[in-house]
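Asks: data_10.csv is the file, holding CSV, C-alpha atoms (C1' of nucleotides):
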```csv
chain,number,residue,atom,x,y,z
A,154,MET,CA,-146.6,-104.6,7.7
A,155,PRO,CA,-147.0,-104.7,11.4
A,156,GLN,CA,-149.9,-103.5,13.5
A,157,ARG,CA,-152.8,-104.5,11.4
A,158,ARG,CA,-155.4,-103.8,14.1
A,159,ARG,CA,-156.1,-100.4,15.5
A,160,SER,CA,-156.8,-102.0,18.8
A,161,GLY,CA,-159.7,-99.6,19.4
A,162,THR,CA,-162.5,-102.0,18.6
A,163,PRO,CA,-163.1,-105.6,19.4
A,164,ALA,CA,-165.2,-106.2,16.4
A,165,PRO,CA,-162.5,-107.7,14.1
A,166,VAL,CA,-161.6,-110.2,16.8
A,167,PHE,CA,-165.3,-111.2,17.2
A,168,ALA,CA,-165.6,-111.5,13.5
A,169,ALA,CA,-162.7,-113.8,13.3
A,170,LEU,CA,-164.2,-115.9,16.1
A,171,GLY,CA,-167.5,-116.0,14.3
A,172,ASP,CA,-166.7,-119.0,12.1
A,173,GLU,CA,-167.0,-122.6,13.0
A,174,ILE,CA,-163.9,-123.7,11.1
A,175,ARG,CA,-161.8,-121.0,12.6
A,176,LEU,CA,-162.9,-122.0,16.1
A,177,ARG,CA,-161.9,-125.5,15.4
A,178,LEU,CA,-158.5,-124.4,14.1
A,179,LEU,CA,-158.0,-122.5,17.3
A,180,ALA,CA,-159.0,-125.5,19.3
A,181,ARG,CA,-156.5,-127.6,17.6
A,182,LEU,CA,-153.8,-125.0,18.0
A,183,SER,CA,-154.6,-124.9,21.7
A,184,GLN,CA,-153.1,-128.4,21.8
A,185,GLY,CA,-149.9,-127.0,20.5
A,186,PRO,CA,-148.3,-125.4,17.4
A,187,LEU,CA,-149.0,-127.0,14.0
A,188,SER,CA,-148.0,-126.7,10.4
A,189,ILE,CA,-150.5,-125.8,7.7
A,190,SER,CA,-150.7,-129.3,6.4
A,191,GLY,CA,-151.1,-130.6,9.9
A,192,LEU,CA,-154.0,-128.3,10.3
A,193,THR,CA,-155.4,-129.2,7.0
A,194,ALA,CA,-155.6,-133.0,7.8
A,195,GLY,CA,-159.1,-133.8,8.8
A,196,SER,CA,-160.3,-130.2,8.4
A,197,GLY,CA,-162.6,-131.0,5.5
A,198,ILE,CA,-161.3,-128.2,3.3
A,199,THR,CA,-158.2,-127.7,1.2
A,200,ARG,CA,-154.9,-126.4,2.3
A,201,GLN,CA,-155.5,-123.1,0.6
A,202,GLY,CA,-158.8,-122.8,2.5
A,203,VAL,CA,-157.0,-123.4,5.7
A,204,THR,CA,-154.4,-120.8,4.8
A,205,LYS,CA,-157.0,-118.2,4.2
A,206,HIS,CA,-158.6,-118.9,7.6
A,207,LEU,CA,-155.2,-118.6,9.2
A,208,ARG,CA,-154.7,-115.3,7.6
A,209,VAL,CA,-158.0,-114.1,9.0
A,210,LEU,CA,-157.1,-115.2,12.4
A,211,ALA,CA,-153.7,-113.6,12.1
A,212,GLY,CA,-155.3,-110.4,10.9
A,213,ALA,CA,-157.2,-110.3,14.1
A,214,GLY,CA,-154.0,-111.0,16.0
A,215,LEU,CA,-155.2,-114.3,17.4
A,216,VAL,CA,-152.5,-116.5,15.9
A,217,ARG,CA,-149.0,-116.0,14.7
A,218,GLY,CA,-147.1,-118.0,12.0
A,219,SER,CA,-143.4,-118.5,11.4
A,220,ARG,CA,-141.4,-120.4,8.9
A,221,ARG,CA,-139.5,-123.4,10.0
A,222,GLY,CA,-137.6,-125.1,7.2
A,223,LYS,CA,-140.1,-125.9,4.5
A,224,GLU,CA,-143.1,-125.6,6.7
A,225,SER,CA,-144.9,-122.7,8.3
A,226,VAL,CA,-145.8,-123.3,11.9
A,227,TRP,CA,-148.7,-121.6,13.6
A,228,GLN,CA,-149.4,-120.9,17.2
A,229,LEU,CA,-151.8,-119.0,19.4
A,230,GLU,CA,-151.3,-115.4,20.3
A,231,ARG,CA,-152.6,-114.7,23.8
A,232,ARG,CA,-153.0,-110.9,24.0
A,233,ARG,CA,-156.0,-110.4,21.6
A,234,LEU,CA,-158.1,-113.0,23.1
A,235,GLU,CA,-157.7,-111.5,26.5
A,236,GLU,CA,-158.7,-108.1,25.0
A,237,ALA,CA,-161.8,-109.7,23.5
A,238,ARG,CA,-162.6,-111.4,26.8
A,239,ARG,CA,-162.4,-108.1,28.6
A,240,SER,CA,-164.5,-106.4,26.0
A,241,LEU,CA,-167.2,-109.0,26.3
A,242,GLU,CA,-167.1,-108.7,30.1
A,243,GLN,CA,-167.5,-105.0,29.9
A,244,ILE,CA,-170.4,-105.2,27.4
A,245,SER,CA,-171.9,-107.8,29.7
A,246,ARG,CA,-171.6,-105.5,32.6
A,247,GLN,CA,-173.3,-102.6,30.8
A,248,TRP,CA,-176.0,-105.1,29.9
A,249,ASP,CA,-176.6,-106.0,33.5
A,250,VAL,CA,-176.9,-102.4,34.5
A,251,SER,CA,-179.3,-101.8,31.7
A,252,LEU,CA,-181.6,-104.7,32.5
A,253,ALA,CA,-181.5,-103.9,36.2
A,254,LYS,CA,-182.7,-100.4,35.4
A,255,LEU,CA,-185.4,-101.7,33.1
A,256,LYS,CA,-186.6,-104.1,35.7
A,257,LEU,CA,-186.8,-101.2,38.2
A,258,PHE,CA,-188.7,-99.1,35.8
A,259,VAL,CA,-191.2,-101.9,35.1
A,260,GLU,CA,-191.7,-102.5,38.8
A,261,GLN,CA,-192.3,-98.8,39.3
A,262,GLU,CA,-194.9,-98.8,36.5
A,263,ASP,CA,-196.7,-101.6,38.1
A,264,SER,CA,-197.1,-100.1,41.6
B,97,MET,CA,-190.3,-119.7,14.0
B,98,PRO,CA,-188.7,-119.9,17.5
B,99,GLN,CA,-185.4,-121.4,18.4
B,100,ARG,CA,-183.2,-120.3,15.6
B,101,ARG,CA,-179.9,-121.2,17.2
B,102,ARG,CA,-179.0,-124.7,18.0
B,103,SER,CA,-177.1,-123.5,21.0
B,104,GLY,CA,-174.2,-125.8,20.4
B,105,THR,CA,-171.7,-123.4,19.1
B,106,PRO,CA,-170.9,-119.8,20.0
B,107,ALA,CA,-169.8,-119.0,16.5
B,108,PRO,CA,-173.0,-117.3,15.3
B,109,VAL,CA,-173.0,-115.0,18.4
B,110,PHE,CA,-169.4,-114.0,17.8
B,111,ALA,CA,-170.3,-113.4,14.1
B,112,ALA,CA,-173.1,-111.1,15.2
B,113,LEU,CA,-170.8,-109.2,17.5
B,114,GLY,CA,-168.2,-108.9,14.7
B,115,ASP,CA,-169.5,-105.7,13.2
B,116,GLU,CA,-168.9,-102.2,14.4
B,117,ILE,CA,-172.4,-101.0,13.7
B,118,ARG,CA,-174.0,-103.8,15.5
B,119,LEU,CA,-171.8,-103.3,18.5
B,120,ARG,CA,-172.9,-99.7,18.5
B,121,LEU,CA,-176.5,-100.7,18.3
B,122,LEU,CA,-176.0,-103.0,21.3
B,123,ALA,CA,-174.3,-100.2,23.2
B,124,ARG,CA,-177.3,-97.9,22.6
B,125,LEU,CA,-179.8,-100.6,23.5
B,126,SER,CA,-177.9,-101.0,26.7
B,127,GLN,CA,-179.1,-97.6,27.7
B,128,GLY,CA,-182.6,-98.9,27.4
B,129,PRO,CA,-185.2,-100.1,24.8
B,130,LEU,CA,-185.5,-98.1,21.5
B,131,SER,CA,-187.6,-98.1,18.4
B,132,ILE,CA,-186.1,-98.6,15.0
B,133,SER,CA,-186.2,-95.0,14.0
B,134,GLY,CA,-184.8,-94.1,17.4
B,135,LEU,CA,-181.8,-96.4,16.6
B,136,THR,CA,-181.6,-95.1,13.1
B,137,ALA,CA,-181.0,-91.5,14.2
B,138,GLY,CA,-177.3,-90.8,14.2
B,139,SER,CA,-176.4,-94.3,13.0
B,140,GLY,CA,-175.2,-93.2,9.6
B,141,ILE,CA,-177.2,-95.7,7.7
B,142,THR,CA,-180.8,-96.0,6.6
B,143,ARG,CA,-183.7,-97.4,8.6
B,144,GLN,CA,-183.7,-100.5,6.4
B,145,GLY,CA,-180.0,-101.0,7.1
B,146,VAL,CA,-180.6,-100.8,10.8
B,147,THR,CA,-183.5,-103.2,10.5
B,148,LYS,CA,-181.3,-105.8,8.8
B,149,HIS,CA,-178.7,-105.5,11.5
B,150,LEU,CA,-181.3,-105.9,14.2
B,151,ARG,CA,-182.5,-109.1,12.4
B,152,VAL,CA,-178.9,-110.4,12.5
B,153,LEU,CA,-178.7,-109.6,16.2
B,154,ALA,CA,-182.1,-111.2,16.8
B,155,GLY,CA,-181.0,-114.3,14.8
B,156,ALA,CA,-178.1,-114.7,17.2
B,157,GLY,CA,-180.5,-114.3,20.1
B,158,LEU,CA,-178.9,-111.1,21.4
B,159,VAL,CA,-181.9,-108.8,21.1
B,160,ARG,CA,-185.7,-109.1,21.0
B,161,GLY,CA,-188.2,-106.9,19.3
B,162,SER,CA,-191.9,-106.3,19.9
B,163,ARG,CA,-194.5,-104.2,18.4
B,164,ARG,CA,-195.9,-101.3,20.4
B,165,GLY,CA,-198.5,-99.4,18.5
B,166,LYS,CA,-197.0,-98.2,15.3
B,167,GLU,CA,-193.4,-98.7,16.3
B,168,SER,CA,-191.3,-101.8,17.0
B,169,VAL,CA,-189.3,-101.6,20.1
B,170,TRP,CA,-186.1,-103.5,20.7
B,171,GLN,CA,-184.3,-104.6,23.8
B,172,LEU,CA,-181.4,-106.7,24.9
B,173,GLU,CA,-181.7,-110.4,25.5
B,174,ARG,CA,-179.4,-111.4,28.3
B,175,ARG,CA,-178.9,-115.1,28.0
B,176,ARG,CA,-176.9,-115.3,24.8
B,177,LEU,CA,-174.4,-112.8,25.8
B,178,GLU,CA,-173.7,-114.7,29.0
B,179,GLU,CA,-173.2,-117.8,26.9
B,180,ALA,CA,-170.8,-116.0,24.7
B,181,ARG,CA,-168.9,-114.7,27.7
B,182,ARG,CA,-168.6,-118.2,29.1
B,183,SER,CA,-167.4,-119.6,25.8
B,184,LEU,CA,-164.8,-117.0,25.6
B,185,GLU,CA,-163.7,-117.6,29.1
B,186,GLN,CA,-163.4,-121.3,28.4
B,187,ILE,CA,-161.4,-120.8,25.2
B,188,SER,CA,-159.2,-118.4,27.1
B,189,ARG,CA,-158.6,-121.0,29.7
B,190,GLN,CA,-157.6,-123.7,27.2
B,191,TRP,CA,-155.4,-121.1,25.7
B,192,ASP,CA,-153.6,-120.5,29.0
B,193,VAL,CA,-153.0,-124.2,29.5
B,194,SER,CA,-151.6,-124.5,26.0
B,195,LEU,CA,-149.3,-121.6,26.4
B,196,ALA,CA,-148.1,-122.8,29.7
B,197,LYS,CA,-147.3,-126.2,28.3
B,198,LEU,CA,-145.5,-124.5,25.4
B,199,LYS,CA,-143.4,-122.4,27.8
B,200,LEU,CA,-142.6,-125.5,29.8
B,201,PHE,CA,-141.5,-127.3,26.7
B,202,VAL,CA,-139.3,-124.5,25.5
B,203,GLU,CA,-137.6,-124.3,28.9
B,204,GLN,CA,-137.0,-128.0,28.9
B,205,GLU,CA,-135.4,-127.7,25.5
B,206,ASP,CA,-133.1,-125.0,26.7
B,207,SER,CA,-131.8,-126.8,29.7
C,181,DT,C1',-128.8,-134.4,-8.4
C,182,DT,C1',-133.5,-135.5,-8.6
C,183,DA,C1',-137.7,-136.3,-6.6
C,184,DT,C1',-140.9,-134.9,-3.4
C,185,DC,C1',-143.1,-132.2,0.1
C,186,DA,C1',-145.1,-127.9,2.2
C,187,DT,C1',-146.1,-123.5,0.7
C,188,DG,C1',-147.2,-119.2,-1.7
C,189,DC,C1',-149.6,-116.7,-5.3
C,190,DA,C1',-153.2,-115.7,-8.6
C,191,DA,C1',-157.4,-116.4,-10.9
C,192,DC,C1',-161.8,-117.6,-10.6
C,193,DC,C1',-166.5,-118.6,-8.8
C,194,DA,C1',-170.9,-118.8,-6.1
C,195,DG,C1',-173.2,-117.1,-2.5
C,196,DA,C1',-173.7,-114.2,1.6
C,197,DA,C1',-173.5,-109.4,3.6
C,198,DG,C1',-174.3,-104.8,3.8
C,199,DG,C1',-176.5,-101.1,1.9
C,200,DT,C1',-179.8,-98.6,-0.9
C,201,DT,C1',-184.4,-97.2,-3.1
C,202,DG,C1',-189.4,-97.5,-4.0
C,203,DC,C1',-193.8,-98.9,-2.7
C,204,DT,C1',-197.4,-100.4,0.5
C,205,DC,C1',-199.8,-100.5,4.8
C,206,DG,C1',-201.6,-99.9,9.5
C,207,DA,C1',-201.7,-96.8,13.6
C,208,DA,C1',-201.8,-92.1,15.4
C,209,DA,C1',-202.4,-87.3,15.3
C,210,DA,C1',-204.6,-83.2,13.2
D,278,DT,C1',-211.5,-88.2,7.8
D,279,DT,C1',-207.1,-86.9,6.1
D,280,DT,C1',-202.3,-86.6,6.9
D,281,DT,C1',-198.4,-88.2,8.6
D,282,DC,C1',-195.3,-91.4,10.8
D,283,DG,C1',-193.0,-95.9,11.6
D,284,DA,C1',-192.4,-100.1,9.6
D,285,DG,C1',-192.3,-104.1,6.4
D,286,DC,C1',-191.3,-106.2,1.9
D,287,DA,C1',-189.0,-106.8,-2.4
D,288,DA,C1',-185.7,-105.8,-5.7
D,289,DC,C1',-181.4,-104.5,-6.8
D,290,DC,C1',-176.4,-103.6,-6.5
D,291,DT,C1',-171.5,-104.0,-4.9
D,292,DT,C1',-168.2,-105.9,-2.0
D,293,DC,C1',-166.5,-109.4,0.9
D,294,DT,C1',-166.1,-114.4,2.1
D,295,DG,C1',-165.1,-119.0,1.7
D,296,DG,C1',-163.8,-122.1,-1.2
D,297,DT,C1',-161.6,-124.2,-5.3
D,298,DT,C1',-157.8,-125.2,-8.9
D,299,DG,C1',-153.4,-124.7,-11.3
D,300,DC,C1',-148.8,-123.4,-11.3
D,301,DA,C1',-144.2,-121.9,-9.4
D,302,DT,C1',-140.7,-122.3,-5.9
D,303,DG,C1',-137.5,-123.2,-2.0
D,304,DA,C1',-136.2,-127.1,1.3
D,305,DT,C1',-135.6,-131.9,2.3
D,306,DA,C1',-134.9,-136.6,1.6
D,307,DA,C1',-133.3,-140.4,-1.6
```
Would you kindly transcribe this structure into structure tokens?
Replies:
Amino acid sequence: MPQRRRSGTPAPVFAALGDEIRLRLLARLSQGPLSISGLTAGSGITRQGVTKHLRVLAGAGLVRGSRRGKESVWQLERRRLEEARRSLEQISRQWDVSLAKLKLFVEQEDS
Amino acid sequence: MPQRRRSGTPAPVFAALGDEIRLRLLARLSQGPLSISGLTAGSGITRQGVTKHLRVLAGAGLVRGSRRGKESVWQLERRRLEEARRSLEQISRQWDVSLAKLKLFVEQEDS
DNA sequence: TTATCATGCAACCAGAAGGTTGCTCGAAAA
DNA sequence: TTTTCGAGCAACCTTCTGGTTGCATGATAA
């Protein structure tokens, strides 16, 4: 089933990033592709736990896995992260405008 | 109790951003400060639900609330969002390096 | 061919999340 | 001084999450 995300909202990507273990997995994957047992080593949780986290990341479109022989190898997927970054930049921009207006308002009040 | 976040990891902020309703609340707050009932109107959930979401956002340091008369008014808190944006940019940069190396490796393989 | 290794699948479990309702309380408006 | 309005607190419920274990299976290595 392709196209899990409806691409409209950044929420699922943020949710996927909102977990320490998943951030560490991504960090390790940013050193290069790895198999599940490779990722499990030193992760502190079981292989099945890692698998579940990988599925969450894949559901958000942040990683992609493929079978190679008896192992399944995972790697980063660039697009979604860029989308997330853009979303955050946009939110951050709205934010700035908002706070600028607020500041202006307060100063007006004061005078 | 001040200082809820240990500021080391961006995960809690991402987790707070990882919910549609909370993103909408932030969007509305970016138009200016609002009371809880103000935020509740048109949110689709009850006042208590909104309150809980606000607490999550506050726990991540993204908003701040203060009492004004009988109402409690909420507004954005800039710092955390900037931190999150920086984190995402850094991750994104690692990512780029990683994928560049991968591409290089693949090309080498091919030749 | 037989072990062994890397996974997948399913069931299960405890605790967190997201939501609701009911009641209480202080501030404001009538 | 009464209402009324905006919130807080607590209890409760259901669903999702993060984790585990046990077992089955297809590839690889001996």
Asks: I'd like a table as CSV: residues in chain D with an atom no more than 8 Å from chain A, each row giving the shortest atom pair and its distance in Å to one decimal, only C-alpha atoms (C1' of nucleotides) counted, sorted by chain and rising residue number.
Replies:
```
residue,atom,partner,partner_atom,distance
D:DG295,C1',A:Gly202,CA,7.4
D:DG296,C1',A:Gly202,CA,6.3
D:DG303,C1',A:Lys223,CA,7.5
D:DA304,C1',A:Lys223,CA,5.2
D:DT305,C1',A:Lys223,CA,7.8
```
Asks: Suppose you want the space between CA of Glu185 in chain B and CA of Ser196 in chain A; what is it in Å?
Replies: 24.5 Å
Asks: Work out how far apart CA of Leu187 in chain A and CA of Gln228 in chain A are and give it in Å to one decimal.
Replies: 6.9 Å
Asks: Sorted by chain and rising residue number, which residues of chain C lie within 10 Å of chain A, and what are their closest atom pairs and distances in Å to one decimal, counting all atoms listed in the file, as a tab-separated table?
Replies:
```
residue	atom	partner	partner_atom	distance
C:DC185	C1'	A:Lys223	CA	8.2
C:DA186	C1'	A:Glu224	CA	5.4
C:DT187	C1'	A:Glu224	CA	7.0
C:DG188	C1'	A:Gln201	CA	9.5
```
Asks: How many Å lie between CA of Ala168 in chain A and CA of Gln247 in chain A, rounded to one decimal?
Replies: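 Computing it gives 20.9 Å between the two atoms.
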Asks: If we count all atoms listed in the file, which residues of chain A reach to within 12 Å of chain B? Please list them as a ChimeraX atom specification.
Replies: /A:161-177,179-186,213,215-216,228-259
Asks: Please write out chain A, superposed on chain B by least squares over all C-alpha atoms matched in order, as an mmCIF file with C-alpha atoms, keeping the file's coordinate frame.
Replies:
```
data_model
loop_
_atom_site.group_PDB
_atom_site.id
_atom_site.type_symbol
_atom_site.label_atom_id
_atom_site.label_comp_id
_atom_site.auth_asym_id
_atom_site.auth_seq_id
_atom_site.Cartn_x
_atom_site.Cartn_y
_atom_site.Cartn_z
ATOM 1 C CA MET A 154 -190.233 -119.826 14.042
ATOM 2 C CA PRO A 155 -188.683 -120.093 17.417
ATOM 3 C CA GLN A 156 -185.290 -121.454 18.361
ATOM 4 C CA ARG A 157 -183.184 -120.204 15.564
ATOM 5 C CA ARG A 158 -179.877 -121.133 17.220
ATOM 6 C CA ARG A 159 -178.830 -124.645 17.978
ATOM 7 C CA SER A 160 -177.096 -123.376 21.031
ATOM 8 C CA GLY A 161 -174.198 -125.779 20.440
ATOM 9 C CA THR A 162 -171.752 -123.269 19.042
ATOM 10 C CA PRO A 163 -170.867 -119.759 19.968
ATOM 11 C CA ALA A 164 -169.812 -118.828 16.535
ATOM 12 C CA PRO A 165 -173.074 -117.145 15.369
ATOM 13 C CA VAL A 166 -173.031 -114.944 18.451
ATOM 14 C CA PHE A 167 -169.377 -113.933 17.760
ATOM 15 C CA ALA A 168 -170.256 -113.257 14.205
ATOM 16 C CA ALA A 169 -173.030 -110.993 15.163
ATOM 17 C CA LEU A 170 -170.686 -109.163 17.542
ATOM 18 C CA GLY A 171 -168.122 -108.832 14.811
ATOM 19 C CA ASP A 172 -169.523 -105.638 13.290
ATOM 20 C CA GLU A 173 -168.892 -102.143 14.405
ATOM 21 C CA ILE A 174 -172.413 -100.904 13.703
ATOM 22 C CA ARG A 175 -173.979 -103.774 15.510
ATOM 23 C CA LEU A 176 -171.813 -103.115 18.565
ATOM 24 C CA ARG A 177 -172.921 -99.578 18.572
ATOM 25 C CA LEU A 178 -176.576 -100.593 18.309
ATOM 26 C CA LEU A 179 -176.073 -102.813 21.296
ATOM 27 C CA ALA A 180 -174.441 -100.015 23.168
ATOM 28 C CA ARG A 181 -177.312 -97.793 22.565
ATOM 29 C CA LEU A 182 -179.793 -100.460 23.534
ATOM 30 C CA SER A 183 -177.867 -100.921 26.762
ATOM 31 C CA GLN A 184 -179.198 -97.472 27.682
ATOM 32 C CA GLY A 185 -182.668 -98.782 27.325
ATOM 33 C CA PRO A 186 -185.193 -100.086 24.746
ATOM 34 C CA LEU A 187 -185.575 -98.141 21.477
ATOM 35 C CA SER A 188 -187.666 -98.092 18.367
ATOM 36 C CA ILE A 189 -186.162 -98.677 14.939
ATOM 37 C CA SER A 190 -186.322 -95.061 14.001
ATOM 38 C CA GLY A 191 -184.815 -94.114 17.307
ATOM 39 C CA LEU A 192 -181.977 -96.399 16.537
ATOM 40 C CA THR A 193 -181.676 -95.149 13.072
ATOM 41 C CA ALA A 194 -181.167 -91.447 14.145
ATOM 42 C CA GLY A 195 -177.517 -90.698 14.063
ATOM 43 C CA SER A 196 -176.568 -94.221 12.945
ATOM 44 C CA GLY A 197 -175.288 -93.098 9.563
ATOM 45 C CA ILE A 198 -177.264 -95.681 7.617
ATOM 46 C CA THR A 199 -180.877 -96.014 6.565
ATOM 47 C CA ARG A 200 -183.683 -97.469 8.515
ATOM 48 C CA GLN A 201 -183.709 -100.571 6.390
ATOM 49 C CA GLY A 202 -179.983 -101.011 7.110
ATOM 50 C CA VAL A 203 -180.670 -100.764 10.758
ATOM 51 C CA THR A 204 -183.466 -103.299 10.469
ATOM 52 C CA LYS A 205 -181.234 -105.785 8.820
ATOM 53 C CA HIS A 206 -178.630 -105.407 11.593
ATOM 54 C CA LEU A 207 -181.356 -105.919 14.146
ATOM 55 C CA ARG A 208 -182.393 -109.048 12.464
ATOM 56 C CA VAL A 209 -178.841 -110.333 12.621
ATOM 57 C CA LEU A 210 -178.602 -109.595 16.224
ATOM 58 C CA ALA A 211 -181.950 -111.208 16.854
ATOM 59 C CA GLY A 212 -180.867 -114.246 14.895
ATOM 60 C CA ALA A 213 -178.056 -114.639 17.304
ATOM 61 C CA GLY A 214 -180.479 -114.183 20.178
ATOM 62 C CA LEU A 215 -178.841 -111.023 21.451
ATOM 63 C CA VAL A 216 -181.838 -108.724 21.110
ATOM 64 C CA ARG A 217 -185.546 -109.154 21.033
ATOM 65 C CA GLY A 218 -188.166 -106.921 19.287
ATOM 66 C CA SER A 219 -191.857 -106.420 19.940
ATOM 67 C CA ARG A 220 -194.511 -104.308 18.404
ATOM 68 C CA ARG A 221 -195.913 -101.464 20.343
ATOM 69 C CA GLY A 222 -198.570 -99.519 18.473
ATOM 70 C CA LYS A 223 -197.037 -98.413 15.216
ATOM 71 C CA GLU A 224 -193.502 -98.888 16.314
ATOM 72 C CA SER A 225 -191.340 -101.906 16.963
ATOM 73 C CA VAL A 226 -189.338 -101.659 20.136
ATOM 74 C CA TRP A 227 -186.080 -103.477 20.652
ATOM 75 C CA GLN A 228 -184.291 -104.526 23.757
ATOM 76 C CA LEU A 229 -181.353 -106.601 24.884
ATOM 77 C CA GLU A 230 -181.606 -110.280 25.530
ATOM 78 C CA ARG A 231 -179.280 -111.310 28.351
ATOM 79 C CA ARG A 232 -178.903 -115.104 28.031
ATOM 80 C CA ARG A 233 -176.824 -115.314 24.769
ATOM 81 C CA LEU A 234 -174.313 -112.847 25.782
ATOM 82 C CA GLU A 235 -173.645 -114.687 28.965
ATOM 83 C CA GLU A 236 -173.229 -117.903 26.893
ATOM 84 C CA ALA A 237 -170.734 -116.113 24.659
ATOM 85 C CA ARG A 238 -168.903 -114.743 27.690
ATOM 86 C CA ARG A 239 -168.582 -118.210 29.120
ATOM 87 C CA SER A 240 -167.441 -119.607 25.833
ATOM 88 C CA LEU A 241 -164.739 -117.010 25.524
ATOM 89 C CA GLU A 242 -163.639 -117.693 29.111
ATOM 90 C CA GLN A 243 -163.388 -121.347 28.424
ATOM 91 C CA ILE A 244 -161.423 -120.852 25.170
ATOM 92 C CA SER A 245 -159.228 -118.474 27.127
ATOM 93 C CA ARG A 246 -158.637 -121.059 29.727
ATOM 94 C CA GLN A 247 -157.643 -123.737 27.200
ATOM 95 C CA TRP A 248 -155.322 -121.118 25.749
ATOM 96 C CA ASP A 249 -153.600 -120.577 29.046
ATOM 97 C CA VAL A 250 -153.063 -124.254 29.533
ATOM 98 C CA SER A 251 -151.681 -124.532 26.073
ATOM 99 C CA LEU A 252 -149.196 -121.693 26.393
ATOM 100 C CA ALA A 253 -148.136 -122.863 29.835
ATOM 101 C CA LYS A 254 -147.311 -126.246 28.349
ATOM 102 C CA LEU A 255 -145.454 -124.680 25.457
ATOM 103 C CA LYS A 256 -143.452 -122.536 27.772
ATOM 104 C CA LEU A 257 -142.524 -125.670 29.776
ATOM 105 C CA PHE A 258 -141.516 -127.488 26.701
ATOM 106 C CA VAL A 259 -139.316 -124.594 25.531
ATOM 107 C CA GLU A 260 -137.663 -124.363 28.925
ATOM 108 C CA GLN A 261 -137.001 -128.084 28.835
ATOM 109 C CA GLU A 262 -135.418 -127.763 25.372
ATOM 110 C CA ASP A 263 -133.156 -125.111 26.594
ATOM 111 C CA SER A 264 -131.698 -126.950 29.619
#
```
Asks: Extract, using only C-alpha atoms (C1' of nucleotides), all DNA, RNA and protein residues at most 12 Å from DC289 in chain D, discarding same-chain residues fewer than 4 positions from it, and format them as a compact mmCIF listing (two decimals) with C-alpha atoms (C1' of nucleotides), in the coordinates of the input.
Replies:
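Below is the file that was written, result38.txt:
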```txt
# COMPACT_ATOMS: atom_id res chain seq x y z
C1' DG C 199 -176.50 -101.10 1.90
C1' DT C 200 -179.80 -98.60 -0.90
C1' DT C 201 -184.40 -97.20 -3.10
C1' DG C 202 -189.40 -97.50 -4.00
```
